[in-house]
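K.L.:
Sharing upload-v9.txt (compact mmCIF, C-alpha atoms) below.
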# COMPACT_ATOMS: atom_id res chain seq x y z
CA MET A 261 40.07 126.51 81.85
CA LEU A 262 43.05 127.42 79.76
CA THR A 263 46.57 126.84 80.98
CA HIS A 264 49.46 128.87 79.78
CA LEU A 265 52.31 126.77 78.46
CA PRO A 266 55.73 128.39 78.60
CA THR A 267 57.20 129.23 75.23
CA LEU A 268 60.78 128.47 74.40
CA SER A 269 62.75 131.48 73.20
CA ARG A 270 65.29 131.13 70.44
CA ARG A 271 68.08 131.77 72.96
CA ASP A 272 66.82 128.95 75.22
CA ALA A 273 66.53 126.62 72.22
CA VAL A 274 70.15 127.34 71.22
CA LYS A 275 71.32 126.72 74.81
CA ALA A 276 69.44 123.42 74.93
CA ALA A 277 70.92 122.35 71.59
CA ALA A 278 74.44 123.25 72.81
CA TRP A 279 73.96 121.16 75.97
CA ALA A 280 72.63 118.24 73.95
CA LEU A 281 75.61 118.43 71.57
CA ALA A 282 78.06 118.55 74.48
CA ALA A 283 76.39 115.55 76.12
CA ALA A 284 76.54 113.60 72.86
CA ALA A 285 80.25 114.39 72.49
CA ILE A 286 81.10 113.37 76.06
CA ALA A 287 78.91 110.25 76.34
CA PRO A 288 81.17 107.86 74.35
CA LYS A 289 84.11 108.76 76.59
CA LEU A 290 82.17 107.71 79.69
CA ALA A 291 82.34 104.04 78.76
CA PHE A 292 84.61 102.10 81.08
CA ALA A 293 87.87 100.53 80.00
CA ASP A 294 88.20 96.77 80.21
CA GLU A 295 91.00 94.21 80.07
CA LYS A 296 91.19 94.43 76.26
CA THR A 297 91.39 98.25 76.30
CA VAL A 298 94.22 98.19 78.83
CA ALA A 299 96.06 95.51 76.81
CA ALA A 300 95.70 97.68 73.70
CA GLU A 301 97.10 100.72 75.55
CA ILE A 302 100.09 98.71 76.78
CA LYS A 303 100.63 97.31 73.28
CA LYS A 304 100.64 100.88 71.88
CA LEU A 305 103.47 101.73 74.26
CA TYR A 306 105.55 98.57 74.09
CA GLY A 307 104.34 96.39 71.25
CA ASP A 308 104.74 92.67 71.91
CA LYS A 309 107.81 92.96 74.17
CA PRO A 310 107.83 90.29 76.88
CA MET A 311 107.05 91.42 80.43
CA ALA A 312 108.44 89.78 83.53
CA SER A 313 106.80 89.87 86.92
CA GLY A 314 108.78 90.95 89.91
CA LYS A 315 110.89 93.99 90.81
CA ILE A 316 107.72 96.05 91.37
CA LYS A 317 106.21 96.49 94.81
CA LEU A 318 102.68 97.75 94.28
CA ASP A 319 101.19 98.80 97.60
CA VAL A 320 97.43 99.39 97.30
CA PRO A 321 94.56 98.62 99.65
CA GLU A 322 92.65 95.39 99.07
CA ILE A 323 89.43 97.24 99.90
CA ALA A 324 88.93 100.95 99.26
CA GLU A 325 86.00 102.37 101.16
CA ASN A 326 86.10 105.54 99.08
CA GLY A 327 86.84 105.19 95.37
CA LEU A 328 87.52 108.93 95.12
CA VAL A 329 90.83 108.74 97.01
CA VAL A 330 92.59 105.38 96.71
CA PRO A 331 96.25 105.52 97.82
CA ILE A 332 98.86 103.86 95.63
CA ASN A 333 102.56 103.39 96.40
CA ILE A 334 104.97 102.06 93.81
CA GLU A 335 108.56 100.94 94.39
CA ILE A 336 110.75 99.38 91.72
CA GLU A 337 113.87 97.41 92.63
CA SER A 338 116.75 99.10 90.81
CA PRO A 339 120.26 100.37 91.63
CA MET A 340 119.39 103.63 89.78
CA THR A 341 122.89 103.98 88.29
CA ASP A 342 123.72 105.39 84.86
CA ALA A 343 123.99 101.82 83.54
CA ASP A 344 120.87 100.40 85.19
CA TYR A 345 117.82 102.47 86.12
CA VAL A 346 114.05 102.70 85.77
CA LYS A 347 113.07 104.93 82.83
CA ALA A 348 109.30 105.01 83.21
CA VAL A 349 106.39 103.57 85.16
CA HIS A 350 102.82 103.47 83.88
CA VAL A 351 99.73 102.54 85.90
CA PHE A 352 96.54 101.34 84.20
CA ALA A 353 93.06 100.70 85.62
CA GLU A 354 90.75 98.20 83.95
CA GLY A 355 87.47 99.73 85.11
CA ASN A 356 87.96 103.48 84.69
CA PRO A 357 86.76 105.61 81.77
CA GLN A 358 90.41 106.21 80.77
CA PRO A 359 92.71 103.18 81.17
CA GLY A 360 95.92 105.18 81.71
CA VAL A 361 95.90 106.52 85.27
CA ILE A 362 99.45 107.64 86.07
CA SER A 363 102.81 107.85 84.30
CA TYR A 364 106.15 108.65 85.92
CA GLN A 365 109.54 109.29 84.33
CA PHE A 366 112.74 108.55 86.28
CA THR A 367 116.45 109.24 85.80
CA PRO A 368 119.52 107.94 87.69
CA ALA A 369 119.54 111.28 89.55
CA CYS A 370 116.31 110.27 91.32
CA GLY A 371 118.28 107.85 93.48
CA LYS A 372 115.23 105.66 94.10
CA ALA A 373 112.42 104.57 91.80
CA SER A 374 109.37 105.09 93.96
CA ALA A 375 106.25 107.21 93.91
CA ALA A 376 103.09 107.64 95.94
CA THR A 377 99.83 109.29 95.01
CA ARG A 378 96.07 108.87 95.20
CA MET A 379 93.86 107.88 92.32
CA ARG A 380 90.16 107.75 91.62
CA LEU A 381 88.61 104.40 90.84
CA ALA A 382 85.12 104.12 89.41
CA GLN A 383 84.50 100.54 90.56
CA THR A 384 86.16 97.32 91.77
CA GLN A 385 88.94 96.57 89.30
CA ASP A 386 92.49 95.43 88.57
CA ILE A 387 95.37 97.89 88.62
CA ILE A 388 98.31 97.07 86.34
CA CYS A 389 101.73 98.65 86.73
CA VAL A 390 104.39 98.44 83.99
CA ALA A 391 108.00 99.52 84.62
CA GLU A 392 110.37 100.15 81.73
CA MET A 393 114.05 99.71 82.55
CA SER A 394 116.96 101.54 80.87
CA ASN A 395 118.00 98.33 79.06
CA GLY A 396 114.51 97.99 77.55
CA ALA A 397 113.32 95.22 79.89
CA LEU A 398 109.72 95.44 81.09
CA HIS A 399 108.36 94.38 84.46
CA THR A 400 104.74 94.24 85.52
CA ALA A 401 102.64 93.89 88.66
CA LYS A 402 98.88 93.57 89.10
CA ALA A 403 96.58 94.13 92.07
CA ASN A 404 92.83 93.95 92.54
CA ILE A 405 91.14 96.72 94.51
CA LYS A 406 87.59 96.26 95.73
CA VAL A 407 85.83 99.63 95.79
CA THR A 408 82.95 99.63 98.27
CA ILE A 409 79.99 101.94 98.16
CA GLY A 410 79.85 104.03 101.31
CA GLY A 411 82.12 101.54 103.07
CA CYS A 412 79.43 98.85 103.12
CA GLY A 413 81.04 96.32 100.79
CA GLY A 414 78.85 97.13 97.76
Step by step, read the file and then write its structure as structure tokens.
P.N.:
Amino acid sequence: MLTHLPTLSRRDAVKAAAWALAAAAIAPKLAFADEKTVAAEIKKLYGDKPMASGKIKLDVPEIAENGLVVPINIEIESPMTDADYVKAVHVFAEGNPQPGVISYQFTPACGKASAATRMRLAQTQDIICVAEMSNGALHTAKANIKVTIGGCGG
């Protein structure tokens, strides 16, 4: 008994090669960031400037039952005057494929340095927030978020 094996046309071979090339190009970017990667990203932005803790209220859940939509609220203590205001806020995640998650720019016209959004987290990890003040001072806050799988504590 003879079985007929399907033959691969040239068009199908080119499509398969294109998919393989795309997968090879994307695969290195799927590696997760770690503490060193986040530190390197922060160093790229601010060099070795000292960072003080405080002034940042980072409101995130301790346990996120769904890593696809994790709420994050950020408030920075500042008078938001022309002489003293928050210039920028950057949020980093130590376990995501890309360490930089969110960046905000503020001016004195904002009146208040706060923002709220939702982010996607790939796994349980630390979130680091860095606020840059108008005088060049840096403040930081860190929080750990446990991402459960299907809400079962995985």
K.L.:
Could you check which of A:Leu305, A:Ala375, A:Ala369, A:Ala401 is closest to Asp344 of chain A, using all atoms listed in the file?
P.N.:
A:Ala369
K.L.:
Of the candidates A:Ser338, A:Pro359, A:Val351, A:Met379, which one gets nearest to Ser394 of chain A if we count all atoms listed in the file?
P.N.:
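Result for the nearest residue to Ser394 of chain A: A:Ser338.
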K.L.:
Give me, please, the distance in Å between atom CA of Ile332 of chain A and atom CA of Gly371 of chain A, quoted to one decimal.
P.N.:
19.9 Å
K.L.:
As an exercise, work out the distance from atom CA of Ala397 of chain A to atom CA of Ala353 of chain A in Å and give it to one decimal place.
P.N.:
21.8 Å
K.L.:
Return the single residue from A:Ala273, A:Ala278, A:Val361, A:Ile302 that is closest to Leu398 of chain A, with distances computed using only C-alpha atoms.
P.N.:
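Closest residue, counting only C-alpha atoms: A:Ile302.
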K.L.:
Of the residues A:Val329, A:Ala382, A:Ala348, A:Ile334, which is the one nearest to Phe366 of chain A, using all atoms listed in the file?
P.N.:
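Under the stated criterion, the closest residue is A:Ala348.
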K.L.:
Could you tell me how far atom CA of Leu381 of chain A sits from atom CA of Glu354 of chain A, in Å to one decimal place?
P.N.:
9.5 Å
K.L.:
Rank A:Ser269, A:Gly396, A:Ile387, A:Lys303 by their smallest atom-to-atom distance to Val330 of chain A, using all atoms listed in the file, and report the top residue only.
P.N.:
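Among the listed residues, the smallest separation from Val330 of chain A belongs to A:Ile387.
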K.L.:
If you count all atoms listed in the file, which residues fall within 6 Å of segment 384-386 of chain A, apart from same-chain ones fewer than 5 positions away, as an MDAnalysis selection string?
P.N.:
chainID A and resid 354:355 403:407
K.L.:
I'd like to know which of A:Thr297, A:Thr367, A:Ser313, A:Thr408 is closest to Asp342 of chain A, using only C-alpha atoms.
P.N.:
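Residue with the minimum atom-to-atom distance to Asp342 of chain A: A:Thr367.
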K.L.:
Neighbourhood query: residues within 7 Å of (118.0, 106.7, 90.8), file coordinates, counting all atoms listed in the file; return as a PyMOL selection string.
P.N.:
chain A and resi 339-341+345+367-373
K.L.:
Would you mind listing what lies within 8 Å of Ser374 of chain A as a list in words, with all atoms listed in the file counted and same-chain residues fewer than 6 positions away left out?
P.N.:
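The neighbour list is Asn333, Ile334, Glu335 and Ile336 of chain A.
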